[in-house]
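Enquirer: I am sharing model_8.tsv, which consists of TSV, C-alpha atoms:
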```tsv
chain	number	residue	atom	x	y	z
A	139	MET	CA	35.76	39.71	34.58
A	140	ASP	CA	38.79	38.00	36.05
A	141	PRO	CA	39.25	39.37	39.58
A	142	PHE	CA	42.99	38.76	39.28
A	143	ASP	CA	43.16	41.00	36.21
A	144	ALA	CA	45.70	43.74	36.81
A	145	GLY	CA	43.47	46.20	34.98
A	146	ALA	CA	41.12	48.67	36.60
A	147	GLY	CA	39.02	47.02	39.25
A	148	GLY	CA	41.19	43.90	39.48
A	149	ILE	CA	42.42	42.58	42.82
A	150	LEU	CA	45.83	44.18	42.23
A	151	ARG	CA	44.37	47.59	41.36
A	152	GLN	CA	42.50	48.53	44.49
A	153	PRO	CA	42.56	51.86	46.36
A	154	LYS	CA	44.90	52.30	49.29
A	155	ALA	CA	41.91	52.24	51.65
A	156	VAL	CA	41.11	48.69	50.58
A	157	TRP	CA	44.69	47.51	51.04
A	158	ALA	CA	44.91	49.20	54.44
A	159	THR	CA	41.73	47.48	55.66
A	160	ALA	CA	42.73	44.12	54.15
A	161	GLY	CA	46.16	44.30	55.78
A	162	ALA	CA	44.65	45.02	59.17
A	163	SER	CA	42.24	42.12	58.56
A	164	VAL	CA	45.16	39.71	58.16
A	165	VAL	CA	46.48	40.69	61.57
A	166	ALA	CA	42.99	40.53	63.12
A	167	PHE	CA	42.50	36.94	61.95
A	168	MET	CA	46.02	36.07	63.05
A	169	GLY	CA	44.90	36.85	66.59
A	170	ILE	CA	42.58	33.82	66.66
A	171	GLY	CA	45.37	31.24	66.45
A	172	LEU	CA	48.25	33.36	67.68
A	173	VAL	CA	48.40	31.78	71.14
A	174	ASP	CA	48.15	28.17	69.92
A	175	PRO	CA	51.87	27.30	69.74
A	176	ILE	CA	52.74	29.22	72.93
A	177	LEU	CA	50.03	27.83	75.24
A	178	PRO	CA	52.48	25.45	76.96
A	179	SER	CA	55.04	28.28	77.24
A	180	ILE	CA	52.44	30.59	78.81
A	181	ALA	CA	51.46	27.87	81.26
A	182	LYS	CA	55.10	27.41	82.25
A	183	GLY	CA	55.86	31.13	82.39
A	184	LEU	CA	52.87	31.96	84.59
A	185	ASP	CA	52.92	28.71	86.57
A	186	ALA	CA	49.41	27.89	85.36
A	187	SER	CA	47.56	24.72	84.45
A	188	ALA	CA	46.37	23.81	80.96
A	189	GLY	CA	42.81	24.55	82.01
A	190	GLN	CA	43.72	28.03	83.24
A	191	VAL	CA	45.64	28.91	80.09
A	192	SER	CA	42.87	27.59	77.84
A	193	LEU	CA	40.67	30.31	79.32
A	194	LEU	CA	42.51	32.63	76.91
A	195	PHE	CA	40.20	31.21	74.26
A	196	THR	CA	37.16	31.09	76.53
A	197	SER	CA	37.30	34.76	77.52
A	198	TYR	CA	38.10	35.80	73.93
A	199	PHE	CA	35.19	33.98	72.33
A	200	LEU	CA	32.70	34.57	75.13
A	201	ILE	CA	33.11	38.30	74.61
A	202	THR	CA	33.05	37.77	70.84
A	203	ALA	CA	29.70	35.96	71.13
A	204	LEU	CA	28.15	38.69	73.25
A	205	ALA	CA	29.60	41.35	70.96
A	206	MET	CA	27.55	39.96	68.07
A	207	LEU	CA	24.58	41.77	69.58
A	208	VAL	CA	26.54	45.01	69.70
A	209	THR	CA	28.61	45.32	66.52
A	210	GLY	CA	25.69	46.02	64.16
A	211	PHE	CA	24.15	48.39	66.70
A	212	VAL	CA	27.42	50.34	66.90
A	213	SER	CA	28.38	50.41	63.21
A	214	SER	CA	24.90	51.45	62.07
A	215	ARG	CA	25.15	54.49	64.32
A	216	ILE	CA	28.75	55.71	64.14
A	217	GLY	CA	29.70	54.36	60.69
A	218	GLY	CA	32.14	51.75	59.41
A	219	ARG	CA	35.35	53.75	59.65
A	220	LYS	CA	34.86	54.75	63.28
A	221	THR	CA	33.85	51.20	64.18
A	222	LEU	CA	37.04	49.83	62.59
A	223	LEU	CA	39.18	52.36	64.43
A	224	LEU	CA	37.42	51.66	67.73
A	225	GLY	CA	38.01	47.92	67.31
A	226	LEU	CA	41.66	48.44	66.38
A	227	ALA	CA	42.20	50.71	69.37
A	228	PHE	CA	40.82	48.03	71.70
A	229	VAL	CA	43.12	45.40	70.17
A	230	VAL	CA	46.22	47.61	70.38
A	231	VAL	CA	45.59	48.43	74.03
A	232	PHE	CA	44.58	44.98	75.26
A	233	ALA	CA	47.09	42.99	73.19
A	234	GLY	CA	49.83	45.23	74.54
A	235	LEU	CA	48.57	44.85	78.10
A	236	ALA	CA	48.40	41.06	77.63
A	237	GLY	CA	52.14	41.03	77.07
A	238	THR	CA	52.70	42.71	80.45
A	239	SER	CA	50.61	40.19	82.43
A	240	ASP	CA	52.05	38.77	85.64
A	241	THR	CA	49.22	36.32	86.31
A	242	VAL	CA	47.04	34.13	84.13
A	243	GLY	CA	43.98	36.01	85.46
A	244	GLN	CA	45.30	39.28	84.07
A	245	LEU	CA	46.08	37.66	80.75
A	246	VAL	CA	42.59	36.14	80.48
A	247	GLY	CA	41.02	39.51	81.26
A	248	TYR	CA	43.11	41.37	78.69
A	249	ARG	CA	42.32	38.68	76.12
A	250	ALA	CA	38.61	39.37	76.70
A	251	GLY	CA	39.11	43.05	75.87
A	252	TRP	CA	41.04	41.97	72.80
A	253	GLY	CA	38.08	39.83	71.75
A	254	LEU	CA	35.72	42.81	71.92
A	255	GLY	CA	38.03	44.87	69.73
A	256	ASN	CA	38.47	42.06	67.24
A	257	ALA	CA	34.70	41.53	67.03
A	258	LEU	CA	34.11	45.21	66.28
A	259	PHE	CA	36.81	45.21	63.62
A	260	VAL	CA	36.24	41.99	61.69
A	261	SER	CA	32.44	42.30	61.71
A	262	THR	CA	32.79	45.61	59.87
A	263	ALA	CA	35.86	45.08	57.67
A	264	LEU	CA	34.20	43.20	54.79
A	265	ALA	CA	31.47	45.80	54.30
A	266	VAL	CA	34.09	48.55	54.34
A	267	ILE	CA	36.32	46.76	51.82
A	268	VAL	CA	33.42	46.13	49.43
A	269	GLY	CA	32.21	49.72	49.78
A	270	ALA	CA	35.66	51.18	49.07
A	271	ALA	CA	36.68	48.75	46.32
A	272	ALA	CA	37.06	49.64	42.66
A	273	GLY	CA	35.35	47.62	39.94
A	274	GLY	CA	32.64	45.89	41.96
A	275	SER	CA	32.66	43.46	44.85
A	276	ALA	CA	34.17	40.32	43.27
A	277	ALA	CA	37.81	41.37	43.56
A	278	ALA	CA	37.24	42.92	46.98
A	279	ILE	CA	35.67	39.75	48.35
A	280	LEU	CA	38.49	37.64	46.96
A	281	LEU	CA	40.99	39.98	48.59
A	282	TYR	CA	39.18	39.65	51.92
A	283	GLU	CA	39.05	35.85	51.59
A	284	SER	CA	42.79	35.88	50.99
A	285	ALA	CA	43.31	38.04	54.09
A	286	LEU	CA	41.21	35.64	56.16
A	287	GLY	CA	43.09	32.57	54.98
A	288	LEU	CA	46.49	34.22	55.33
A	289	GLY	CA	45.67	35.39	58.84
A	290	MET	CA	44.40	31.99	60.02
A	291	ALA	CA	47.49	30.29	58.60
A	292	CYS	CA	50.08	32.81	59.76
A	293	GLY	CA	48.75	33.43	63.28
A	294	PRO	CA	50.29	30.23	64.70
A	295	LEU	CA	53.47	30.86	62.71
A	296	LEU	CA	53.91	34.36	64.14
A	297	GLY	CA	53.14	33.03	67.60
A	298	ALA	CA	55.86	30.42	67.20
A	299	LEU	CA	58.52	32.73	65.79
A	300	LEU	CA	58.09	35.44	68.42
A	301	GLY	CA	57.09	33.08	71.20
A	302	ASP	CA	60.27	31.04	70.94
A	303	ALA	CA	62.10	33.93	72.60
A	304	SER	CA	59.33	34.82	75.06
A	305	TRP	CA	55.62	34.11	75.28
A	306	ARG	CA	55.09	37.87	75.73
A	307	TYR	CA	56.47	38.88	72.33
A	308	PRO	CA	53.52	37.67	70.17
A	309	PHE	CA	51.21	39.96	72.13
A	310	PHE	CA	53.51	42.96	71.73
A	311	GLY	CA	53.96	42.10	68.05
A	312	THR	CA	50.21	42.02	67.45
A	313	ALA	CA	49.76	45.36	69.21
A	314	PHE	CA	52.48	46.89	67.04
A	315	LEU	CA	51.03	45.56	63.78
A	316	MET	CA	47.50	46.64	64.68
A	317	ALA	CA	48.80	50.12	65.56
A	318	ILE	CA	50.20	50.33	62.03
A	319	GLY	CA	46.80	49.22	60.72
A	320	PHE	CA	45.13	51.94	62.82
A	321	LEU	CA	47.37	54.61	61.29
A	322	CYS	CA	46.84	53.33	57.74
A	323	ILE	CA	43.05	53.30	58.07
A	324	THR	CA	43.12	56.75	59.67
A	325	VAL	CA	45.06	58.13	56.72
A	326	PHE	CA	43.63	56.23	53.75
A	327	LEU	CA	40.01	55.34	54.58
A	328	LYS	CA	37.28	57.95	54.31
A	329	GLU	CA	34.00	57.57	56.18
A	330	GLN	CA	31.33	55.68	54.25
A	331	PRO	CA	27.58	56.36	54.33
A	332	LYS	CA	25.76	54.97	57.36
A	333	PRO	CA	23.08	52.29	56.79
A	334	ALA	CA	19.59	53.59	56.06
A	335	ARG	CA	18.17	51.54	58.94
A	336	LYS	CA	19.76	51.31	62.36
A	337	THR	CA	20.19	47.83	63.83
A	338	SER	CA	18.76	47.19	67.29
A	339	LEU	CA	20.37	44.99	69.94
A	340	LEU	CA	17.51	42.49	69.70
A	341	ASP	CA	17.39	42.11	65.91
A	342	PRO	CA	19.82	39.11	65.88
A	343	ILE	CA	17.79	37.37	68.60
A	344	ARG	CA	14.55	37.93	66.70
A	345	ALA	CA	16.14	36.47	63.57
A	346	LEU	CA	16.72	33.19	65.43
A	347	GLY	CA	12.96	32.76	65.58
A	348	HIS	CA	13.22	31.37	62.04
A	349	GLY	CA	13.42	27.57	62.27
A	350	GLY	CA	15.99	27.16	59.51
A	351	LEU	CA	18.37	29.75	60.93
A	352	ALA	CA	17.98	28.32	64.43
A	353	SER	CA	18.72	24.81	63.10
A	354	ALA	CA	21.89	26.00	61.36
A	355	ALA	CA	22.99	27.81	64.52
A	356	VAL	CA	22.41	24.79	66.79
A	357	SER	CA	24.23	22.44	64.43
A	358	ALA	CA	27.11	24.93	64.16
A	359	PHE	CA	27.21	25.17	67.95
A	360	PHE	CA	27.97	21.44	68.22
A	361	TYR	CA	30.48	21.65	65.37
A	362	ASN	CA	32.27	24.63	66.91
A	363	TYR	CA	32.80	22.67	70.11
A	364	THR	CA	34.74	20.13	68.06
A	365	PHE	CA	36.59	22.85	66.13
A	366	PHE	CA	37.86	24.60	69.24
A	367	THR	CA	38.72	21.42	71.08
A	368	VAL	CA	41.21	20.87	68.28
A	369	LEU	CA	42.41	24.47	68.29
A	370	ALA	CA	42.72	25.05	72.04
A	371	PHE	CA	43.36	21.62	73.60
A	372	THR	CA	45.51	19.83	71.01
A	373	PRO	CA	48.66	21.96	71.64
A	374	PHE	CA	48.90	20.46	75.13
A	375	VAL	CA	48.50	16.94	73.75
A	376	LEU	CA	51.16	17.47	71.08
A	377	ASN	CA	53.51	19.00	73.71
A	378	MET	CA	55.93	20.37	71.11
A	379	THR	CA	58.25	23.35	70.97
A	380	PRO	CA	56.68	26.63	69.77
A	381	TYR	CA	58.42	26.25	66.39
A	382	LYS	CA	57.15	22.73	65.79
A	383	SER	CA	53.67	23.48	67.08
A	384	GLY	CA	53.55	26.62	64.95
A	385	ALA	CA	54.49	24.61	61.87
A	386	VAL	CA	51.72	22.08	62.57
A	387	PHE	CA	49.07	24.75	62.95
A	388	PHE	CA	50.41	26.69	59.96
A	389	ALA	CA	49.82	23.59	57.83
A	390	TRP	CA	46.41	23.25	59.49
A	391	GLY	CA	45.59	26.86	58.57
A	392	VAL	CA	46.70	26.40	54.97
A	393	LEU	CA	44.38	23.41	54.56
A	394	LEU	CA	41.56	25.35	56.20
A	395	ALA	CA	41.98	28.24	53.78
A	396	VAL	CA	42.32	26.08	50.66
A	397	PHE	CA	39.35	23.86	51.43
A	398	SER	CA	37.18	26.78	52.52
A	399	VAL	CA	37.80	28.95	49.46
A	400	LEU	CA	38.58	26.48	46.66
A	401	VAL	CA	37.41	22.96	47.49
A	402	ALA	CA	34.11	23.41	49.35
A	403	PRO	CA	32.29	25.30	46.55
A	404	ARG	CA	33.22	22.61	44.00
A	405	MET	CA	32.06	19.84	46.31
A	406	GLN	CA	28.77	21.64	46.89
A	407	ARG	CA	28.09	21.98	43.19
A	408	ARG	CA	28.71	18.28	42.70
A	409	PHE	CA	27.09	16.71	45.78
A	410	GLY	CA	24.87	19.38	47.35
A	411	SER	CA	25.40	21.41	50.50
A	412	LEU	CA	23.71	19.13	53.03
A	413	LYS	CA	25.46	15.96	51.86
A	414	VAL	CA	28.82	17.70	51.89
A	415	LEU	CA	28.24	19.11	55.38
A	416	GLY	CA	26.97	15.83	56.83
A	417	GLY	CA	29.84	13.84	55.33
A	418	SER	CA	32.44	16.37	56.44
A	419	LEU	CA	31.14	16.34	60.01
A	420	VAL	CA	31.28	12.54	60.16
A	421	LEU	CA	34.83	12.55	58.79
A	422	LEU	CA	35.83	15.23	61.32
A	423	ALA	CA	34.45	13.05	64.12
A	424	ALA	CA	36.56	10.11	62.91
A	425	ASP	CA	39.59	12.37	62.58
A	426	VAL	CA	39.45	13.66	66.17
A	427	LEU	CA	38.98	10.13	67.51
A	428	VAL	CA	42.19	9.04	65.80
A	429	LEU	CA	43.83	12.25	67.05
A	430	GLY	CA	42.92	11.34	70.61
A	431	TYR	CA	43.82	7.64	70.51
A	432	GLY	CA	46.65	7.49	67.97
A	433	ASN	CA	50.37	7.86	68.59
A	434	HIS	CA	52.17	11.20	68.41
A	435	THR	CA	52.66	11.06	64.64
A	436	ALA	CA	49.00	10.22	64.09
A	437	ALA	CA	48.01	13.12	66.33
A	438	ILE	CA	50.10	15.53	64.22
A	439	VAL	CA	48.69	14.23	60.94
A	440	CYS	CA	45.10	14.33	62.21
A	441	THR	CA	45.51	17.84	63.60
A	442	ILE	CA	46.66	19.08	60.20
A	443	LEU	CA	43.99	17.07	58.36
A	444	SER	CA	41.23	18.51	60.53
A	445	GLY	CA	41.88	21.87	58.84
A	446	ALA	CA	40.43	20.46	55.62
A	447	PHE	CA	37.15	19.38	57.25
A	448	ILE	CA	36.92	22.61	59.23
A	449	GLY	CA	37.42	24.65	56.06
A	450	VAL	CA	34.61	22.81	54.27
A	451	ASN	CA	32.29	23.11	57.26
A	452	ASN	CA	32.89	26.84	57.68
A	453	THR	CA	31.89	27.55	54.11
A	454	VAL	CA	28.77	25.37	54.05
A	455	TYR	CA	27.51	26.53	57.43
A	456	THR	CA	27.88	30.10	56.26
A	457	GLU	CA	25.66	29.58	53.26
A	458	LEU	CA	23.07	27.70	55.29
A	459	ALA	CA	22.96	30.40	57.94
A	460	LEU	CA	22.71	33.36	55.60
A	461	GLY	CA	20.48	31.88	52.91
A	462	VAL	CA	17.85	30.03	54.89
A	463	SER	CA	15.91	32.99	56.29
A	464	ASP	CA	14.69	36.32	54.96
A	465	ALA	CA	16.55	38.32	57.63
A	466	PRO	CA	19.15	40.80	56.34
A	467	ARG	CA	22.51	39.09	56.05
A	468	PRO	CA	24.28	41.11	58.75
A	469	VAL	CA	21.43	40.42	61.17
A	470	ALA	CA	21.21	36.71	60.32
A	471	SER	CA	24.98	36.43	60.63
A	472	ALA	CA	24.99	38.13	64.04
A	473	GLY	CA	22.26	35.83	65.38
A	474	TYR	CA	23.95	32.72	64.03
A	475	ASN	CA	27.33	33.69	65.43
A	476	PHE	CA	25.85	34.71	68.77
A	477	VAL	CA	24.91	31.03	69.22
A	478	ARG	CA	27.92	29.27	67.75
A	479	TRP	CA	30.65	31.34	69.41
A	480	PHE	CA	29.42	30.19	72.81
A	481	ALA	CA	30.70	26.72	71.89
A	482	ALA	CA	34.07	28.27	71.00
A	483	ALA	CA	34.13	29.66	74.53
A	484	ALA	CA	32.97	26.38	76.14
A	485	ALA	CA	35.34	23.91	74.47
A	486	PRO	CA	38.64	25.39	75.76
A	487	TYR	CA	37.21	25.39	79.28
A	488	PHE	CA	35.65	21.93	79.35
A	489	ALA	CA	38.28	19.94	77.43
A	490	PRO	CA	41.00	20.29	80.14
A	491	LYS	CA	38.37	19.73	82.85
A	492	ILE	CA	37.24	16.50	81.19
A	493	GLU	CA	40.88	15.37	81.02
A	494	GLU	CA	41.24	16.04	84.75
A	495	TRP	CA	38.09	14.05	85.52
A	496	THR	CA	38.95	11.13	83.20
A	497	ASP	CA	42.00	10.91	80.93
A	498	VAL	CA	43.51	12.62	77.90
A	499	HIS	CA	41.48	10.58	75.39
A	500	VAL	CA	37.97	11.45	76.56
A	501	PRO	CA	37.96	15.15	75.50
A	502	PHE	CA	38.38	13.94	71.92
A	503	VAL	CA	35.58	11.40	72.34
A	504	VAL	CA	33.33	14.26	73.44
A	505	ALA	CA	34.50	16.32	70.47
A	506	ALA	CA	33.70	13.44	68.11
A	507	VAL	CA	30.22	13.12	69.63
A	508	THR	CA	29.51	16.83	69.22
A	509	ALA	CA	30.54	16.67	65.55
A	510	LEU	CA	28.12	13.78	65.07
A	511	LEU	CA	25.39	15.71	66.88
A	512	GLY	CA	25.93	18.53	64.41
A	513	ALA	CA	25.41	16.05	61.57
A	514	VAL	CA	22.27	14.68	63.26
A	515	VAL	CA	20.75	18.16	63.43
A	516	VAL	CA	21.43	18.63	59.72
A	517	VAL	CA	19.73	15.33	58.89
A	518	VAL	CA	16.74	15.80	61.20
A	519	ARG	CA	16.18	19.42	60.16
A	520	ARG	CA	17.01	18.94	56.48
A	521	ARG	CA	13.58	20.16	55.37
A	522	ALA	CA	14.12	23.48	57.12
A	523	LEU	CA	17.57	23.76	55.51
A	524	THR	CA	16.73	22.41	52.04
A	525	HIS	CA	15.40	25.67	50.61
A	526	GLU	CA	18.76	27.37	51.06
A	527	ALA	CA	20.77	24.35	50.02
A	528	GLU	CA	18.94	24.14	46.70
A	529	GLU	CA	18.41	27.78	45.84
A	530	LEU	CA	21.40	29.74	47.12
A	531	GLU	CA	23.02	31.34	44.10
A	532	PRO	CA	26.66	30.23	43.62
A	533	GLN	CA	27.89	33.80	43.31
A	534	HIS	CA	26.70	34.52	46.84
A	535	ALA	CA	28.69	31.73	48.40
A	536	SER	CA	32.02	33.50	48.43
A	537	GLU	CA	30.58	36.71	49.86
A	538	ASP	CA	28.63	34.94	52.56
A	539	SER	CA	31.59	32.81	53.63
A	540	VAL	CA	33.71	35.73	54.61
A	541	THR	CA	30.77	37.65	56.06
A	542	VAL	CA	29.76	34.97	58.52
A	543	PHE	CA	33.25	33.99	59.52
A	544	ALA	CA	34.12	37.59	60.12
A	545	ASN	CA	31.03	38.13	62.18
```
Would you mind writing the file's structure down as structure tokens?
Expert:
Amino acid sequence: MDPFDAGAGGILRQPKAVWATAGASVVAFMGIGLVDPILPSIAKGLDASAGQVSLLFTSYFLITALAMLVTGFVSSRIGGRKTLLLGLAFVVVFAGLAGTSDTVGQLVGYRAGWGLGNALFVSTALAVIVGAAAGGSAAAILLYESALGLGMACGPLLGALLGDASWRYPFFGTAFLMAIGFLCITVFLKEQPKPARKTSLLDPIRALGHGGLASAAVSAFFYNYTFFTVLAFTPFVLNMTPYKSGAVFFAWGVLLAVFSVLVAPRMQRRFGSLKVLGGSLVLLAADVLVLGYGNHTAAIVCTILSGAFIGVNNTVYTELALGVSDAPRPVASAGYNFVRWFAAAAAPYFAPKIEEWTDVHVPFVVAAVTALLGAVVVVVRRRALTHEAEELEPQHASEDSVTVFAN
């Protein structure tokens, strides 16, 4: 069945509950890149250094990593609808408070609370959409993928449009949009059955005892350091107006979405998952080196181009993480993300520090090295990862991609 079919069960014929959750998901994913184009403006407005402002990412993703141990525990006990509403409430409160910050310390703290809310929401949204969808999961998953891609692409754009007037407005705008999402889910989404088995806080840690899952997580840890060096440190290197920076990262987000959803699966079918991942990591390493040492135009081009490699990597890592072990997918995803999100917290902190200790080029050298280390882990541990790479059914790829990225 064509998921775009306008008939019953098609992507355009979903219940209001699905559309309400998908719409809130767009805004949730927008929050990841929202601050990108306004980082220099925040630094100027709060009289803060690049390193201090980059902590907006560090606090956000550090809490997100720790929350991976909590989200399954919470949702398996109070249900999907209440977990979504709890996450949205956190985002509304802390995004709104972020806009009132007078110091960078306050802003970093509020961003941490925002990260907890976002983790609770996005880790639950896919399961809720699939459970509430009409006509099976295919159309629902495609709708969620579209929400993910749209959010990642439009986050920087919204940040630029609102942030051009004041760096505070993107935070107020996010709080307002998430409040609308809260009301829509309250009205349109009914509570779904709770899982038969409750998830414990230690289940994701136990899942990492599997060698293949641990290998995927370690490789993704190195890769994520590269990913978030680009996302959190590059805006200071580009040193552009919010509008121009927003346009660059909008193009970056579009490439990420297209290559994640459309290109990566075709490349995997033709070349195999491990070859695609290894090659993409090597190309990403080369890309960030040129970004760091090239002129301003080269830096812009390489920033946008990195979205293609990041999109491919996200998809392949997802399949490796969720297919390599016999742990339930939500548990495997939580364990995998618990490891890799720590790199997302580390990169925004260390990149400006490395610049202070050396010069502006070295953070990108480090990012290139970590991408190569991710490729080395894939090569050295290929036997542990081969089972998944060969046997993962193609129809699972799309579902797993959004599950692991959300988690």
Enquirer: Mind checking which residues fall within 8 Å of A:Ala352, counting all atoms listed in the file, ignoring those fewer than 5 positions away in the same chain, and posting them as a list in words?
Expert: Leu346, Gly347 and Tyr474 of chain A
Enquirer: If we count all atoms listed in the file, what is near A:Ala203 at a cut-off of 7 Å, once residues fewer than 6 positions away on the same chain are taken out, given as a PyMOL selection string?
Expert: chain A and resi 475-476+479-480
Enquirer: Give the answer as one residue: which of A:Leu281, A:Leu222, A:Leu427, A:Leu412 has the shortest atom-to-atom distance to A:Glu329, using all atoms listed in the file?
Expert: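 Looking at the shortest contact to A:Glu329, the residue is A:Leu222.
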Enquirer: Please check which residues have atoms at most 12 Å from (37.5, 25.1, 61.3) in the file's coordinates, counting all atoms listed in the file, and write them as a compact mmCIF listing (two decimals) with C-alpha atoms, keeping the file's coordinate frame.
Expert:
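Contents of result.txt, freshly written:
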```txt
# COMPACT_ATOMS: atom_id res chain seq x y z
CA ILE A 170 42.58 33.82 66.66
CA GLY A 171 45.37 31.24 66.45
CA GLY A 287 43.09 32.57 54.98
CA MET A 290 44.40 31.99 60.02
CA ALA A 291 47.49 30.29 58.60
CA ALA A 358 27.11 24.93 64.16
CA TYR A 361 30.48 21.65 65.37
CA ASN A 362 32.27 24.63 66.91
CA TYR A 363 32.80 22.67 70.11
CA THR A 364 34.74 20.13 68.06
CA PHE A 365 36.59 22.85 66.13
CA PHE A 366 37.86 24.60 69.24
CA THR A 367 38.72 21.42 71.08
CA VAL A 368 41.21 20.87 68.28
CA LEU A 369 42.41 24.47 68.29
CA ALA A 370 42.72 25.05 72.04
CA PHE A 387 49.07 24.75 62.95
CA TRP A 390 46.41 23.25 59.49
CA GLY A 391 45.59 26.86 58.57
CA VAL A 392 46.70 26.40 54.97
CA LEU A 393 44.38 23.41 54.56
CA LEU A 394 41.56 25.35 56.20
CA ALA A 395 41.98 28.24 53.78
CA VAL A 396 42.32 26.08 50.66
CA PHE A 397 39.35 23.86 51.43
CA SER A 398 37.18 26.78 52.52
CA SER A 418 32.44 16.37 56.44
CA LEU A 419 31.14 16.34 60.01
CA LEU A 422 35.83 15.23 61.32
CA THR A 441 45.51 17.84 63.60
CA ILE A 442 46.66 19.08 60.20
CA LEU A 443 43.99 17.07 58.36
CA SER A 444 41.23 18.51 60.53
CA GLY A 445 41.88 21.87 58.84
CA ALA A 446 40.43 20.46 55.62
CA PHE A 447 37.15 19.38 57.25
CA ILE A 448 36.92 22.61 59.23
CA GLY A 449 37.42 24.65 56.06
CA VAL A 450 34.61 22.81 54.27
CA ASN A 451 32.29 23.11 57.26
CA ASN A 452 32.89 26.84 57.68
CA THR A 453 31.89 27.55 54.11
CA VAL A 454 28.77 25.37 54.05
CA TYR A 455 27.51 26.53 57.43
CA THR A 456 27.88 30.10 56.26
CA ALA A 482 34.07 28.27 71.00
CA ALA A 509 30.54 16.67 65.55
CA PHE A 543 33.25 33.99 59.52
```
Enquirer: Within 7 Å of A:Leu264, counting all atoms listed in the file, which residues qualify if same-chain residues fewer than 2 places away don't, as a ChimeraX atom specification?
Expert: /A:262,266-268,282,541
Enquirer: Given the selection you just returned, output its residues as a file containing C-alpha atoms, formatted as a tab-separated table (two decimals), in the coordinates of the input.
Expert:
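Result saved to result-v8.tsv:
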```tsv
chain	number	residue	atom	x	y	z
A	262	THR	CA	32.79	45.61	59.87
A	266	VAL	CA	34.09	48.55	54.34
A	267	ILE	CA	36.32	46.76	51.82
A	268	VAL	CA	33.42	46.13	49.43
A	282	TYR	CA	39.18	39.65	51.92
A	541	THR	CA	30.77	37.65	56.06
```
Enquirer: Calculated over all atoms listed in the file, which of the candidates A:Ser338, A:Thr159, A:Thr238, A:Thr202 has the smallest distance to A:Ala270?
Expert: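 Answer, going by the shortest atom-to-atom distance: A:Thr159.
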Enquirer: Please determine, counting only C-alpha atoms, which residue among A:Gly210, A:Gly319, A:Gly169, A:Gly218 has the shortest atom-to-atom distance to A:Pro468.
Expert: A:Gly210
Enquirer: Let me make sure I understand: among A:Ala522, A:Ala317, A:Leu340, A:Leu458, which one has the smallest atom-to-atom distance to A:Val208 if we use only C-alpha atoms?
Expert: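 So, comparing all the options, the nearest one is A:Leu340.
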